[in-house]
file final_28.cif (mmCIF, C-alpha atoms and all ligand atoms)
data_final
#
loop_
_atom_site.label_atom_id
_atom_site.label_comp_id
_atom_site.auth_asym_id
_atom_site.auth_seq_id
_atom_site.Cartn_x
_atom_site.Cartn_y
_atom_site.Cartn_z
CA MET A 259 116.19 120.36 131.00
CA ASN A 260 115.30 118.45 127.89
CA GLU A 261 112.15 120.31 126.94
CA PRO A 262 112.28 121.13 123.24
CA LYS A 263 111.93 124.59 121.87
CA LYS A 264 108.34 125.13 120.88
CA ASP A 265 107.49 124.80 117.21
CA ASP A 266 108.21 127.97 115.34
CA PRO A 267 106.09 128.16 112.16
CA SER A 268 108.76 130.22 110.42
CA ARG A 269 111.25 127.29 110.68
CA PRO A 270 111.46 124.65 107.94
CA GLU A 271 108.93 121.89 108.58
CA ARG A 272 110.34 119.03 106.54
CA PRO A 273 111.73 116.29 108.76
CA THR A 274 115.02 115.83 106.90
CA THR A 275 115.75 119.54 107.28
CA ARG A 276 114.92 119.29 110.97
CA LEU A 277 117.44 116.46 111.29
CA VAL A 278 120.10 118.95 110.27
CA THR A 279 118.90 122.01 112.15
CA GLY A 280 117.34 120.48 115.28
CA GLY A 281 118.99 121.12 118.64
CA ARG A 282 121.67 123.36 117.09
CA ASP A 283 122.52 126.85 118.23
CA PRO A 284 126.09 127.46 116.96
CA PHE A 285 126.44 131.02 118.18
CA SER A 286 125.82 129.96 121.74
CA TYR A 287 129.02 127.87 121.40
CA ARG A 288 131.32 130.35 119.71
CA GLY A 289 130.04 129.69 116.19
CA TYR A 290 131.17 126.08 115.91
CA VAL A 291 128.71 123.96 113.96
CA ASN A 292 128.43 121.27 116.62
CA PRO A 293 127.81 121.65 120.34
CA PRO A 294 130.68 120.93 122.71
CA VAL A 295 130.67 117.65 124.62
CA TYR A 296 130.24 118.58 128.27
CA HIS A 297 131.95 116.11 130.56
CA ALA A 298 130.19 117.32 133.64
CA SER A 299 128.99 116.51 137.11
CA THR A 300 129.32 119.66 139.24
CA LEU A 301 128.02 123.00 138.07
CA LEU A 302 129.18 126.10 139.93
CA HIS A 303 126.97 128.97 141.01
CA ARG A 304 128.11 132.53 141.53
CA THR A 305 126.32 133.04 144.84
CA ALA A 306 124.78 131.00 147.64
CA ALA A 307 121.43 132.54 146.75
CA ASP A 308 121.75 131.37 143.13
CA TYR A 309 122.59 127.88 144.36
CA LEU A 310 119.63 127.71 146.74
CA ALA A 311 117.21 129.09 144.14
CA HIS A 312 118.48 126.67 141.43
CA ARG A 313 118.99 129.72 139.23
CA GLY A 314 120.27 129.09 135.73
CA PRO A 315 119.33 126.57 133.05
CA TYR A 316 121.35 123.65 134.46
CA GLN A 317 121.66 122.15 137.94
CA TYR A 318 123.87 119.09 137.83
CA GLY A 319 125.45 116.84 135.21
CA ARG A 320 123.00 114.01 135.75
CA ARG A 321 120.02 116.28 135.22
CA GLY A 322 121.12 117.69 131.89
CA THR A 323 123.87 119.54 130.07
CA PRO A 324 123.98 121.46 126.80
CA THR A 325 125.01 118.15 125.18
CA SER A 326 121.95 116.23 126.40
CA GLU A 327 119.77 119.21 125.62
CA ALA A 328 121.04 119.34 122.03
CA LEU A 329 120.30 115.65 121.42
CA ALA A 330 116.92 115.69 123.16
CA ASN A 331 115.85 118.80 121.28
CA ALA A 332 117.00 117.35 117.96
CA ILE A 333 114.96 114.15 118.52
CA ALA A 334 111.98 116.22 119.67
CA GLU A 335 112.09 118.16 116.42
CA ILE A 336 111.59 115.00 114.35
CA GLU A 337 108.92 113.67 116.71
CA GLY A 338 106.86 116.73 115.80
CA PRO A 339 104.82 119.30 117.69
CA ALA A 340 102.99 116.67 119.79
CA CYS A 341 106.27 115.97 121.59
CA ALA A 342 106.57 117.72 124.94
CA GLY A 343 109.95 116.28 125.89
CA VAL A 344 112.53 113.58 125.19
CA ALA A 345 114.21 111.63 127.97
CA LEU A 346 117.61 110.15 127.12
CA LEU A 347 118.39 106.73 128.55
CA PRO A 348 121.51 104.55 128.54
CA SER A 349 120.00 101.91 126.19
CA GLY A 350 116.90 101.15 124.20
CA LEU A 351 115.86 98.59 126.79
CA ALA A 352 116.24 101.21 129.53
CA ALA A 353 113.95 103.49 127.51
CA VAL A 354 111.36 100.67 127.34
CA SER A 355 111.53 99.81 131.03
CA VAL A 356 111.61 103.40 132.31
CA ALA A 357 108.74 104.46 130.05
CA LEU A 358 106.67 101.56 131.41
CA LEU A 359 107.64 102.35 135.01
CA SER A 360 106.68 105.99 134.53
CA VAL A 361 103.05 105.10 133.77
CA LEU A 362 102.46 102.00 135.94
CA LYS A 363 101.97 101.40 139.65
CA ALA A 364 101.22 98.38 141.81
CA GLY A 365 97.79 96.98 141.06
CA ASP A 366 97.79 98.10 137.41
CA HIS A 367 97.40 95.93 134.34
CA VAL A 368 99.31 96.38 131.09
CA LEU A 369 98.56 94.92 127.66
CA VAL A 370 101.71 94.05 125.71
CA THR A 371 101.95 92.94 122.10
CA ASP A 372 102.94 89.31 121.65
CA SER A 373 105.45 90.49 119.05
CA ALA A 374 107.46 92.54 121.56
CA TYR A 375 111.25 92.34 121.70
CA LEU A 376 112.10 89.49 124.09
CA PRO A 377 113.86 91.58 126.80
CA THR A 378 110.76 93.82 126.92
CA ARG A 379 108.71 90.73 127.74
CA GLN A 380 111.30 89.65 130.28
CA PHE A 381 111.05 93.05 131.99
CA CYS A 382 107.26 92.68 132.22
CA ASP A 383 107.44 89.07 133.40
CA SER A 384 110.07 89.75 136.07
CA VAL A 385 110.21 93.35 137.39
CA LEU A 386 106.61 94.30 136.68
CA THR A 387 105.32 91.02 138.11
CA ARG A 388 107.37 91.57 141.28
CA TRP A 389 105.88 95.02 141.58
CA HIS A 390 102.35 93.66 141.26
CA VAL A 391 101.69 94.91 137.76
CA ALA A 392 99.93 92.22 135.71
CA THR A 393 100.78 91.76 132.02
CA THR A 394 98.51 90.26 129.37
CA TYR A 395 100.00 89.64 125.94
CA TYR A 396 97.80 90.27 122.91
CA ASP A 397 97.76 89.47 119.22
CA PRO A 398 99.63 92.30 117.45
CA LEU A 399 96.95 92.27 114.73
CA ILE A 400 94.11 92.83 117.19
CA GLY A 401 93.48 96.46 116.16
CA GLY A 402 90.41 98.00 117.80
CA GLY A 403 89.62 94.56 119.25
CA ILE A 404 92.01 95.49 122.06
CA ALA A 405 88.90 97.00 123.70
CA GLY A 406 87.83 93.43 124.56
CA LEU A 407 90.98 92.88 126.63
CA MET A 408 90.78 96.06 128.66
CA GLN A 409 90.20 95.56 132.37
CA SER A 410 89.12 98.13 134.90
CA ASN A 411 92.78 98.49 136.00
CA THR A 412 94.35 98.50 132.52
CA ARG A 413 96.62 101.50 132.65
CA ALA A 414 98.70 101.03 129.50
CA VAL A 415 98.83 99.33 126.13
CA TYR A 416 102.31 98.63 124.78
CA LEU A 417 103.01 98.22 121.06
CA GLU A 418 106.00 97.41 118.90
CA SER A 419 105.28 98.01 115.26
CA PRO A 420 106.39 96.34 113.14
CA GLY A 421 107.54 93.52 115.42
CA SER A 422 111.31 93.55 115.08
CA LEU A 423 111.59 89.84 114.23
CA SER A 424 108.17 88.98 112.80
CA PHE A 425 107.09 92.32 111.23
CA GLU A 426 103.38 92.43 112.03
CA VAL A 427 102.24 96.02 111.47
CA GLN A 428 99.92 97.20 114.23
CA ASP A 429 96.94 99.46 113.67
CA VAL A 430 98.19 102.15 116.05
CA PRO A 431 95.34 104.66 115.60
CA ALA A 432 92.68 101.96 116.19
CA ILE A 433 94.46 100.57 119.25
CA ALA A 434 95.05 104.07 120.61
CA GLU A 435 91.42 105.03 120.16
CA ALA A 436 90.22 101.94 122.04
CA ALA A 437 92.84 102.36 124.77
CA HIS A 438 92.13 106.04 125.30
CA ALA A 439 88.39 105.39 125.40
CA LYS A 440 89.04 103.26 128.50
CA GLY A 441 91.52 105.70 130.04
CA ALA A 442 94.68 103.73 129.20
CA LEU A 443 97.92 105.20 127.86
CA VAL A 444 99.65 103.98 124.71
CA LEU A 445 103.38 103.27 124.53
CA ILE A 446 105.15 102.15 121.39
CA ASP A 447 108.59 100.85 120.53
CA ASN A 448 109.07 102.84 117.32
CA THR A 449 112.67 101.84 116.65
CA TRP A 450 112.07 100.20 113.25
CA ALA A 451 110.62 103.27 111.58
CA SER A 452 112.13 105.96 113.81
CA PRO A 453 110.14 109.19 114.16
CA LEU A 454 111.31 110.04 110.65
CA TYR A 455 109.11 107.37 109.08
CA PHE A 456 106.39 107.01 111.72
CA ARG A 457 105.22 109.97 113.80
CA ALA A 458 104.00 107.84 116.68
CA LEU A 459 102.84 110.71 118.87
CA GLU A 460 100.63 112.00 116.06
CA LYS A 461 99.17 108.53 115.43
CA GLY A 462 97.87 108.15 118.97
CA ALA A 463 100.84 107.08 121.10
CA ASP A 464 101.42 108.92 124.37
CA LEU A 465 105.00 107.71 124.71
CA SER A 466 107.27 106.73 121.84
CA ILE A 467 110.43 104.72 122.44
CA GLN A 468 113.60 104.55 120.38
CA ALA A 469 116.53 102.23 120.78
CA GLY A 470 118.99 104.94 119.74
CA THR A 471 121.55 102.16 119.57
CA LYS A 472 120.09 101.30 116.15
CA TYR A 473 119.55 103.94 113.46
CA ILE A 474 120.08 107.09 115.52
CA GLY A 475 123.60 105.98 116.43
CA GLY A 476 123.86 104.25 113.07
CA HIS A 477 127.41 102.96 113.44
CA SER A 478 127.18 100.06 115.93
CA ASP A 479 129.37 101.93 118.37
CA VAL A 480 126.98 103.30 120.98
CA MET A 481 124.26 102.20 123.42
CA LEU A 482 121.49 104.77 123.67
CA GLY A 483 117.76 105.05 124.28
CA ALA A 484 115.16 107.78 124.05
CA ALA A 485 111.59 108.05 125.25
CA SER A 486 109.51 110.86 123.77
CA ALA A 487 106.40 111.99 125.59
CA ASP A 488 103.35 114.08 124.93
CA ALA A 489 102.38 116.85 127.33
CA ALA A 490 100.36 114.57 129.62
CA THR A 491 103.01 111.85 130.06
CA TRP A 492 106.15 114.03 130.09
CA PRO A 493 106.12 115.12 133.78
CA ALA A 494 105.94 111.54 135.10
CA LEU A 495 108.50 110.33 132.56
CA ILE A 496 111.16 112.92 133.35
CA ASN A 497 110.45 112.60 137.07
CA THR A 498 111.03 108.84 136.87
CA VAL A 499 114.28 109.36 134.96
CA HIS A 500 115.53 111.95 137.44
CA THR A 501 114.52 110.14 140.59
CA MET A 502 116.07 106.90 139.37
CA GLY A 503 119.30 108.76 138.67
CA LEU A 504 119.48 107.78 135.02
CA CYS A 505 121.64 109.60 132.53
CA VAL A 506 123.78 108.98 129.47
CA GLY A 507 127.53 109.51 129.12
CA PRO A 508 128.40 112.67 127.20
CA ASP A 509 130.37 110.95 124.45
CA ASP A 510 127.51 108.54 123.80
CA MET A 511 125.08 111.43 123.55
CA TYR A 512 127.40 113.14 121.12
CA LEU A 513 127.60 109.99 118.98
CA GLY A 514 123.79 109.90 118.97
CA LEU A 515 123.62 113.51 117.86
CA ARG A 516 126.23 112.96 115.19
CA GLY A 517 124.35 109.90 113.93
CA LEU A 518 121.04 111.72 113.90
CA ARG A 519 122.31 114.30 111.41
CA THR A 520 122.64 111.65 108.70
CA LEU A 521 119.61 109.56 109.67
CA GLY A 522 117.66 110.78 106.63
CA VAL A 523 120.15 109.73 103.97
CA ARG A 524 121.07 106.53 105.74
CA LEU A 525 117.47 105.39 106.21
CA ALA A 526 116.66 106.19 102.58
CA GLN A 527 119.60 104.06 101.45
CA HIS A 528 118.87 101.23 103.91
CA GLY A 529 115.25 101.21 102.74
CA ALA A 530 116.06 101.24 99.01
CA ALA A 531 118.67 98.48 99.35
CA ALA A 532 116.38 96.40 101.60
CA MET A 533 113.60 96.67 99.01
CA LYS A 534 115.94 95.45 96.26
CA VAL A 535 117.16 92.57 98.44
CA ALA A 536 113.57 91.75 99.53
CA ARG A 537 112.31 91.62 95.93
CA TRP A 538 115.22 89.38 94.97
CA LEU A 539 114.59 87.10 97.96
CA GLN A 540 110.98 86.78 96.81
CA THR A 541 112.21 85.21 93.56
CA ARG A 542 114.30 82.56 95.30
CA PRO A 543 112.95 79.00 95.29
CA GLU A 544 114.25 78.42 98.84
CA VAL A 545 112.14 81.27 100.24
CA LEU A 546 108.54 80.77 101.31
CA ARG A 547 107.85 84.36 102.31
CA VAL A 548 109.61 87.67 102.85
CA LEU A 549 108.47 89.61 105.93
CA TYR A 550 108.87 93.27 104.99
CA PRO A 551 105.87 95.62 105.22
CA ALA A 552 107.04 97.77 102.30
CA LEU A 553 106.39 94.84 99.93
CA GLU A 554 102.95 95.02 98.33
CA SER A 555 102.43 91.33 99.14
CA ASP A 556 103.07 91.78 102.87
CA PRO A 557 99.93 91.38 105.02
CA GLY A 558 100.81 94.61 106.84
CA HIS A 559 101.38 96.62 103.66
CA ALA A 560 98.07 98.53 103.64
CA ILE A 561 98.50 99.83 107.19
CA TRP A 562 102.19 100.52 106.59
CA LYS A 563 101.31 102.54 103.49
CA ARG A 564 98.62 104.44 105.34
CA ASP A 565 100.71 105.32 108.40
CA PHE A 566 104.42 105.21 107.51
CA SER A 567 106.48 107.33 105.17
CA GLY A 568 109.29 104.82 104.65
CA ALA A 569 110.87 101.51 105.61
CA CYS A 570 114.27 100.72 107.09
CA GLY A 571 116.74 97.94 106.37
CA LEU A 572 115.38 95.29 108.74
CA LEU A 573 113.45 92.32 107.31
CA SER A 574 113.03 88.58 107.76
CA ILE A 575 112.46 85.58 105.55
CA VAL A 576 110.67 82.30 106.04
CA LEU A 577 112.57 79.53 104.32
CA LYS A 578 110.89 76.46 102.92
CA PRO A 579 111.26 73.64 105.45
CA ALA A 580 114.94 72.71 105.72
CA PRO A 581 117.10 71.11 108.39
CA GLU A 582 118.90 73.42 110.80
CA THR A 583 122.27 72.32 109.40
CA ALA A 584 121.28 73.67 105.96
CA VAL A 585 120.04 76.97 107.43
CA HIS A 586 123.29 77.33 109.35
CA ALA A 587 125.28 76.51 106.19
CA PHE A 588 123.44 79.36 104.44
CA ILE A 589 124.15 81.83 107.24
CA ASP A 590 127.73 80.73 107.86
CA ALA A 591 128.61 81.12 104.17
CA LEU A 592 127.66 84.81 104.13
CA THR A 593 130.60 87.16 104.23
CA LEU A 594 129.00 90.62 104.03
CA PHE A 595 126.22 89.79 106.51
CA GLY A 596 127.83 89.51 109.93
CA ILE A 597 126.19 87.15 112.41
CA GLY A 598 125.12 89.27 115.34
CA ALA A 599 122.36 90.85 117.38
CA SER A 600 121.16 94.42 117.09
CA TRP A 601 120.76 96.37 113.84
CA GLY A 602 120.66 99.90 112.49
CA GLY A 603 124.41 100.26 111.95
CA TYR A 604 126.00 100.82 108.55
CA GLU A 605 126.77 97.13 108.17
CA SER A 606 124.65 94.15 107.18
CA LEU A 607 123.74 91.52 109.74
CA VAL A 608 121.99 88.16 109.85
CA ILE A 609 120.56 85.95 112.60
CA PRO A 610 118.46 82.79 112.73
CA PHE A 611 115.48 83.12 115.06
CA ASP A 612 112.37 81.36 116.28
CA CYS A 613 109.52 83.33 117.87
CA ALA A 614 107.61 80.19 118.95
CA PRO A 615 109.10 79.86 122.47
CA MET A 616 108.36 83.51 123.30
CA ARG A 617 104.75 83.69 122.10
CA THR A 618 101.90 83.25 124.55
CA ALA A 619 98.90 84.97 122.93
CA THR A 620 99.49 83.82 119.37
CA LYS A 621 100.97 80.79 117.69
CA TRP A 622 104.11 81.33 115.66
CA ALA A 623 104.03 78.77 112.85
CA PRO A 624 105.42 80.49 109.76
CA GLY A 625 105.89 77.26 107.82
CA GLY A 626 109.67 77.01 107.88
CA PRO A 627 112.87 78.25 109.46
CA THR A 628 113.18 81.99 109.87
CA VAL A 629 116.16 84.28 109.35
CA ARG A 630 116.42 88.04 109.97
CA PHE A 631 118.59 90.37 107.92
CA HIS A 632 119.71 93.89 108.51
CA VAL A 633 120.48 95.37 105.11
CA GLY A 634 123.36 97.78 105.60
CA LEU A 635 124.91 100.43 103.41
CA GLU A 636 126.90 98.07 101.19
CA ASP A 637 125.95 97.95 97.51
CA ALA A 638 122.72 95.94 97.26
CA ASP A 639 124.08 93.92 94.31
CA ASP A 640 127.05 92.82 96.40
CA LEU A 641 124.66 91.79 99.17
CA ILE A 642 122.59 89.81 96.69
CA ALA A 643 125.74 88.09 95.41
CA ASP A 644 126.59 87.24 99.03
CA LEU A 645 123.12 85.76 99.57
CA GLU A 646 123.51 83.78 96.36
CA ARG A 647 126.69 82.26 97.83
CA GLY A 648 124.73 81.45 100.98
CA PHE A 649 122.01 79.65 99.03
CA ALA A 650 124.67 77.69 97.13
CA ALA A 651 126.16 76.59 100.47
CA MET A 652 122.68 75.64 101.65
CA ALA A 653 122.12 73.52 98.56
CA ALA A 654 125.48 71.82 99.09
CA ALA A 655 124.53 71.04 102.70
CA LEU A 656 121.34 69.37 101.48
CA LEU A 657 123.21 66.96 99.20
CA PRO A 658 123.18 63.40 100.44
C1 LIG B 701 112.90 96.62 118.76
C2 LIG B 701 113.96 96.83 119.79
N1 LIG B 701 113.68 97.56 120.86
C3 LIG B 701 114.58 97.76 121.83
C4 LIG B 701 115.83 97.20 121.75
C5 LIG B 701 116.79 97.42 122.86
O1 LIG B 701 117.76 98.34 122.52
P1 LIG B 701 119.19 98.31 123.24
O2 LIG B 701 119.94 97.18 122.63
O3 LIG B 701 119.75 99.66 122.95
O4 LIG B 701 118.93 98.12 124.71
C6 LIG B 701 116.16 96.43 120.65
C7 LIG B 701 117.52 95.83 120.54
O5 LIG B 701 117.79 94.96 119.75
C8 LIG B 701 115.21 96.21 119.64
O6 LIG B 701 115.46 95.46 118.56
#
call {"tool": "encode", "arguments": {"input": "final_28.cif", "output": "structure tokens"}}
result
Amino acid sequence: MNEPKKDDPSRPERPTTRLVTGGRDPFSYRGYVNPPVYHASTLLHRTAADYLAHRGPYQYGRRGTPTSEALANAIAEIEGPACAGVALLPSGLAAVSVALLSVLKAGDHVLVTDSAYLPTRQFCDSVLTRWHVATTYYDPLIGGGIAGLMQSNTRAVYLESPGSLSFEVQDVPAIAEAAHAKGALVLIDNTWASPLYFRALEKGADLSIQAGTKYIGGHSDVMLGAASADAATWPALINTVHTMGLCVGPDDMYLGLRGLRTLGVRLAQHGAAAMKVARWLQTRPEVLRVLYPALESDPGHAIWKRDFSGACGLLSIVLKPAPETAVHAFIDALTLFGIGASWGGYESLVIPFDCAPMRTATKWAPGGPTVRFHVGLEDADDLIADLERGFAAMAAALLP
């Protein structure tokens, strides 16, 4: 049901225009700008023959409605022509796990970046292990060297770029070339950039995953996931989704669609404000390093510049060595940065984190405590003033 309309060369090509036009067909819903929200399970047929022949575009609420179709088509339009279909899932993590399940079977081996989001690792280490799929974690900066880790049963290589805590930028084309040469598929968690800033399917990925909870929703009020597939991976992906009985509630899909319309302006603002905050953080004596690929000084900057067309509002800092009490004093003093998981909403967030316990292929030793920020849509100068207050509280906590 969620197959996008094929690319029409007469339609505007620019992604921000597609965000506005994608998945919309007002005159098929009485001229209203937005599609109706179909609260639907049963769909009626006019005749027994129609029912038996599955005639008509829809079969059953779980398998797709005009609401799911509108959102899936809109996402497909920003993924680009390489996208053969978008499966909607009830969370970003569900999109990760279902995409992996759709390409793996017992006896397979999967290579997963050491920088992956922790619940992704937990899925591999628990469910995949139980189903006799072996996982090997690899250095996110391995590039074409991934060829050396491929085994005869390696079926998939999983990437997350940049890592959503540590921000290593992966060389997707090089990894994809090596993986494809050995017959493996490439999956990527592309939530940080979204398809607007990184066209994963055109850079070599076969499946591209979005936690729609983040920037697509954009307002911290919805759980949503999407997995976008190329022509080769789409049949198995949608079959896995349908046979597992997965679907998204209509109101959540509508919130995703509503969020998507403003993704362009929001991401531009998040990115500009994050850059201002990142540059300011670089000047602070308490900060050892800012982890944000859009900064020229970032080790991933060259690949980011080559492959991405923008950066979002998510970044981390490495503080100079300081006791945990001082780091907590810094965080607790912030008033505009809320302390909480997730990101991609309109509001700023902050969390302390430590990748060391979750790494197995690489050593995480950044040189000091680490803190992640989501730069929201507040005025960047107000955010900087808030951070200044945080650093003052940190200094006070360090006084004897
Ligand atoms: C990079 C990344 N991928 C996937 C997810 C999972 O998304 P969700 O919270 O919608 O399950 C998250 C959530 O924080 C994330 O940061």
call {"tool": "residues_near_ligand", "arguments": {"input": "final_28.cif", "ligand": "ligand LIG 701 (chain B)", "cutoff": "10 Å", "atoms": "all atoms listed in the file", "output": "number ranges by chain"}}
result
A: 347-355, 373-378, 418-423, 446-450, 467-472, 475, 480-484, 572, 599-602
call {"tool": "residues_around", "arguments": {"input": "final_28.cif", "residues": "Arg379 of chain A", "least_positions_apart": "4", "cutoff": "9 Å", "atoms": "only C-alpha atoms", "output": "list in words"}}
result
Val370, Asp372, Ala374, Tyr375, Asp383, Ser384, Tyr395 and Met616 of chain A
call {"tool": "residues_around", "arguments": {"input": "final_28.cif", "residues": "Trp389 of chain A", "least_positions_apart": "6", "cutoff": "9 Å", "atoms": "only C-alpha atoms", "output": "NGL selection string"}}
result
:A and (363-365)
call {"tool": "closest_residue", "arguments": {"input": "final_28.cif", "among": "A:Asp308, A:Glu605, A:Asp565, A:Asp590", "to": "Leu635 of chain A", "atoms": "only C-alpha atoms"}}
result
A:Glu605
call {"tool": "closest_residue", "arguments": {"input": "final_28.cif", "among": "A:Thr412, A:Asn331, A:Ser326, A:Gln428", "to": "Ile561 of chain A", "atoms": "only C-alpha atoms"}}
result
A:Gln428
call {"tool": "axis_aligned_box", "arguments": {"input": "final_28.cif", "around": "segment 479-491 of chain A", "padding_each_side": "3 Å", "output": "lines of an AutoDock Vina configuration file"}}
result
center_x = 114.9
center_y = 109.4
center_z = 124.2
size_x = 35.0
size_y = 20.9
size_z = 17.7
call {"tool": "closest_residue", "arguments": {"input": "final_28.cif", "among": "A:Glu327, A:Ala298, A:Thr305, A:His312", "to": "Gly281 of chain A", "atoms": "all atoms listed in the file"}}
result
A:Glu327
call {"tool": "residues_around", "arguments": {"input": "final_28.cif", "residues": "segment 314-325 of chain A", "least_positions_apart": "5", "cutoff": "8 Å", "atoms": "all atoms listed in the file", "output": "tab-separated table (two decimals) with C-alpha atoms, keeping the file's coordinate frame"}}
result
chain	number	residue	atom	x	y	z
A	259	MET	CA	116.19	120.36	131.00
A	260	ASN	CA	115.30	118.45	127.89
A	293	PRO	CA	127.81	121.65	120.34
A	294	PRO	CA	130.68	120.93	122.71
A	295	VAL	CA	130.67	117.65	124.62
A	296	TYR	CA	130.24	118.58	128.27
A	298	ALA	CA	130.19	117.32	133.64
A	299	SER	CA	128.99	116.51	137.11
A	300	THR	CA	129.32	119.66	139.24
A	301	LEU	CA	128.02	123.00	138.07
A	308	ASP	CA	121.75	131.37	143.13
A	500	HIS	CA	115.53	111.95	137.44
A	503	GLY	CA	119.30	108.76	138.67
A	504	LEU	CA	119.48	107.78	135.02
A	505	CYS	CA	121.64	109.60	132.53
A	508	PRO	CA	128.40	112.67	127.20
A	511	MET	CA	125.08	111.43	123.55
A	512	TYR	CA	127.40	113.14	121.12
call {"tool": "residues_around", "arguments": {"input": "final_28.cif", "residues": "Gly634 of chain A", "least_positions_apart": "5", "cutoff": "9 Å", "atoms": "only C-alpha atoms", "output": "PyMOL selection string"}}
result
chain A and resi 527-528+531-532+571-572+595+601-607+641
call {"tool": "atom_distance", "arguments": {"input": "final_28.cif", "atom1": "atom CA of Thr593 of chain A", "atom2": "atom CA of Met652 of chain A"}}
result
14.2 Å
call {"tool": "residues_around", "arguments": {"input": "final_28.cif", "residues": "His586 of chain A", "least_positions_apart": "2", "cutoff": "10 Å", "atoms": "all atoms listed in the file", "output": "count of residues only"}}
result
15
